[in-house]
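A.B. asks: A single structure is presented below for examination.
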Amino acid sequence: MTDPFSAGECVAIAFDADVGAAVVGEHGGVAAWPAPMAIEALERLERQVGPRWVWWGPDTARRLVAAQVRPARCWDLDAVHRLLQGGWPSGPARAWAAARGLDADATPTVAPVDLFSAATDDDADADAVRPDGHLDPRWIDGRWRDDLDTLTRWATLALEVQRAQRAGLDDLDDRPAAPATARSESAAAVLCAELEHDGLPIDVAEAERIIASFVGPRPRDAAEEQRLTDERDHRVLRHLGRAGTDVDLRNPANVKSLLRRAGIEVPDTRAWRLEQLRDRHPVVDALLEWRTAERIGTAFGYRWLDEHVRNGRLRGSWSPSDGAAGRMTATAGLHNLTADLRPAIAAEPGHVFVRADLGQIEPRILAAVSGDPALAAATEDDDMYSPVAARLGVARDVAKVAVLGAMYGQTTGHGAAALAGLRTNYPIAMGYLDGAARRAEGGNDLRTRGGRLVRMSSAGDPGDDDGPSGVERSRAAARGRYGRNAMVQGAAAEFFKTWAVIVRARCAGSAARIVMCLHDELLVHCHVADADEVLRRVTDGVQEAAHRWLEPTAPHVRFVADASVIHRWSDAK
DNA sequence: TCGGTCACGTA
DNA sequence: CGTACGTGACCGAG
């Protein structure tokens with residue numbers, strides 16, 4: 001059989017491990033295989049043709065990864081939909097509606113599976129596209145995609161959505177990087193499926209030791225668990241004698257009155273505030289210690305271990321982009337694992353982690369997206385804050401706070417004083433940020449450098465137009481900060497994902513696997529013998545990402561990474 | 001059973 | 001009166 005596909009062409013795929021696979025090429029080629037032959041056929045296609053796989057979303061990516069197919073190039077309709085349309089909502093119904101110019105909020109919902117709807121399933125030959133133009137929800141949930149013909153239809157529709165998305169990206173005249181961003185966002189979506197599948201190596205015994213050091217050994221039953229909890233509470237409450245018996249430490253209002261009885265008045269009971277009151281009364285110290293133990297016990301305790309760790313791997317679900325600026329998200333505490341537990345994140349025997357993080361990524365991104373030549377020049381320094389400080393005539397740390405404050409919209413503190421210096425010395429970068437903030441304040445949507453829509457219509461809720469009240473002003477200010485930050489954070493997320501998928505591609509031939517992405521940090525798990533090579537690929541990958549990502553006409557911006565070979569995550573600097 | 005709020009960890 | 005996220009707990013409304 002001669003392949004009906006040509007190298008590198010877009011090939012839509014609908015895949016179900018039980019039914020089989022159908023593929024439809026953009027030049028008209030069609031093929032389908034029943035389940036027993038599907039995986040081998042897909043692997044052959046990947047090897048011999050190397051297409052850009054087009055699929056509807058994470059389900060397909062997960063199924064392919066589970067079948068050990070690790071596609072090199074793809075187009076994830078879900079990820080590109082989020083890029084083009086902004087926000088969290090996605091899925092086939094919305095992607096289709098957007099492609100057809102239909103109202104995304106008018107998409108039909110799935111009829112519940114019961115006796116009544118089963119009776120109406122007589123029209124099982126109904127097409128996926130309803131008379132009103134929307135996708136039939138029964139096709140979306142997969143109920144009717146049960147043979148090779150329906151899979152072929154599903155793939156054909158995916159190809160149609162992709163054509164519309166490509167046109168939409170090309171139409172973003174002032175965002176030439178948008179099509180490339182769509183491709184790297186798609187690759188990041190596969191990476192997410194792999195992160196879910198592979199998991200993060202964790203030393204369970206070490207994790208249990210750490211947890212025990214905070215909350216004691218694993219309780220044998222509910223009664224023992226209750227006893228441990230009561231003892232922990234008592235170590236705080238005993239400082240107040242009989243007065244403390246009716247206090248629930250998990251209730252902030254109760255904690256506030258507890259503190260009042262100790263002669264301490266606070267507007268809230270946040271840790272940073274209590275930190276300064278440690279010497280006022282011994283109960284403060286006990287309370288702060290209780291808080292850390294309570295947090296480990298609830299969020300990262302034995303239950304967390306049992307729920308999310310299997311065969312020495314910590315697994316959560318991953319999303320390639322959040323609904324705001326487009327950073328990756330992860331569940332199971334992967335993105336907010338406390339430093340206390342990092343010693344438990346350990347490479348397996350014979351393996352190491354190659355850990356790397358992008359240095360000062362946000363100010364470097366600002367220099368790039370704004371095209372400010374003075375700020376771009378500062379990026380040539382390993383520490384770009386020192387040339388900025390020299391130019392402003394302030395201390396290095398003051399310059400740092402000022403730059404970060406400008407990106408975050410901070411208006412108070414030490415940075416505010418240096419802000420004027422930033423405006424005169426880096427007018428283009430500051431003008432870029434102020435412009436974004438101004439448009440956001442007015443409720444106008446923004447687009448990142450890579451073309452991601454940052455929706456302002458929903459953010460800060462312009463809501464009832466009750467004139468220039470204080471409430472409305474502060475909401476506008478909140479939108480301004482949000483928009484200002486999203487332009488930098490969003491472009492940084494795009495850069496990071498470009499880097500990550502380059503590393504993924506460069507490691508594809510080996511056993512090395514990316515096992516953690518943390519906004520500006522990568523963890524690659526690999527054989528000890530491969531560590532040096534992986535380290536090189538990770539650091540070279542930054543330069544390749546910069547080369548791919550920077551506009552040819554813009555001032556040169558230098559990106560840097562700090563990389564090292566470690567055994568435990570806690571070994572990092 | 002839900003959304004809102006607090007609190008707290010990560011970047 | 002710097003942004004984002006996920007998690008867990010409590011509260012009050014339904």
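We label chains A, B, ... in the order they appear in the structure tokens, count residues from 1 in each chain, and number ligands from 1 in the order shown.
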Identify all chain C residues at most 7 Å from chain A by counting only C-alpha atoms (C1' of nucleotides); ligands do not count. Present them as a VMD selection string.

C.D. replies: chain C and resid 2 to 3 5 to 10

A.B. asks: Counting only C-alpha atoms (C1' of nucleotides), which residues in chain A sit no more than 7 Å from chain B? For each one, give the nearest pair of atoms and the distance in Å, sorted by chain then residue number, as JSON lines.

C.D. replies:
{"residue": "A:Arg270", "atom": "CA", "partner": "B:DA7", "partner_atom": "C1'", "distance": 6.8}
{"residue": "A:His335", "atom": "CA", "partner": "B:DT10", "partner_atom": "C1'", "distance": 5.5}
{"residue": "A:Asn336", "atom": "CA", "partner": "B:DT10", "partner_atom": "C1'", "distance": 3.9}
{"residue": "A:Leu337", "atom": "CA", "partner": "B:DT10", "partner_atom": "C1'", "distance": 6.5}
{"residue": "A:Thr338", "atom": "CA", "partner": "B:DG9", "partner_atom": "C1'", "distance": 5.9}
{"residue": "A:Leu518", "atom": "CA", "partner": "B:DA11", "partner_atom": "C1'", "distance": 6.8}
{"residue": "A:His519", "atom": "CA", "partner": "B:DA11", "partner_atom": "C1'", "distance": 5.8}

A.B. asks: As JSON, numbers by chain, which residues of range 235-396 of chain A does DSSP assign to strand (DSSP E)?

C.D. replies: {"A": [309, 310, 313, 314, 318, 319, 329, 330, 351, 352, 353, 354, 355, 356, 357, 358, 359]}

A.B. asks: Figure out the distance between CA of Leu77 in chain A and CA of Glu160 in chain A, please, to one decimal in Å.

C.D. replies: 10.5 Å

A.B. asks: To test your reading of the structure, identify every residue in range 89-232 of chain A that backbone DSSP assigns to helix (DSSP H, G or I), and report it as a PyMOL selection string.

C.D. replies: chain A and resi 92-100+104-106+115-123+137-140+148-170+178-198+204-215+222-232

A.B. asks: Ranking A:Leu259, A:Ser321, A:His547, A:Met456 by minimum distance to DA4 in chain C and counting only C-alpha atoms (C1' of nucleotides), which one comes first?

C.D. replies: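 Going through A:Leu259, A:Ser321, A:His547, A:Met456 one by one, the smallest distance to DA4 in chain C is for A:Ser321.
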
A.B. asks: One number please: CA of Ala180 in chain A to CA of Ala545 in chain A, in Å, one decimal.

C.D. replies: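 One can read the CA of Ala180 in chain A to CA of Ala545 in chain A distance as 11.5 Å.
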
A.B. asks: For CA of Trp55 in chain A and CA of Ala155 in chain A, quote the distance in Å rounded to one decimal.

C.D. replies: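 Spanning CA of Trp55 in chain A to CA of Ala155 in chain A is a straight-line distance of 7.4 Å.
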
A.B. asks: Show which residues sit within 9 Å of Ala511 in chain A, as a list in words. Count only C-alpha atoms (C1' of nucleotides), and ignore same-chain residues fewer than 4 positions away.

C.D. replies: Cys507, His525, Cys526, His527 and Asp530 of chain A
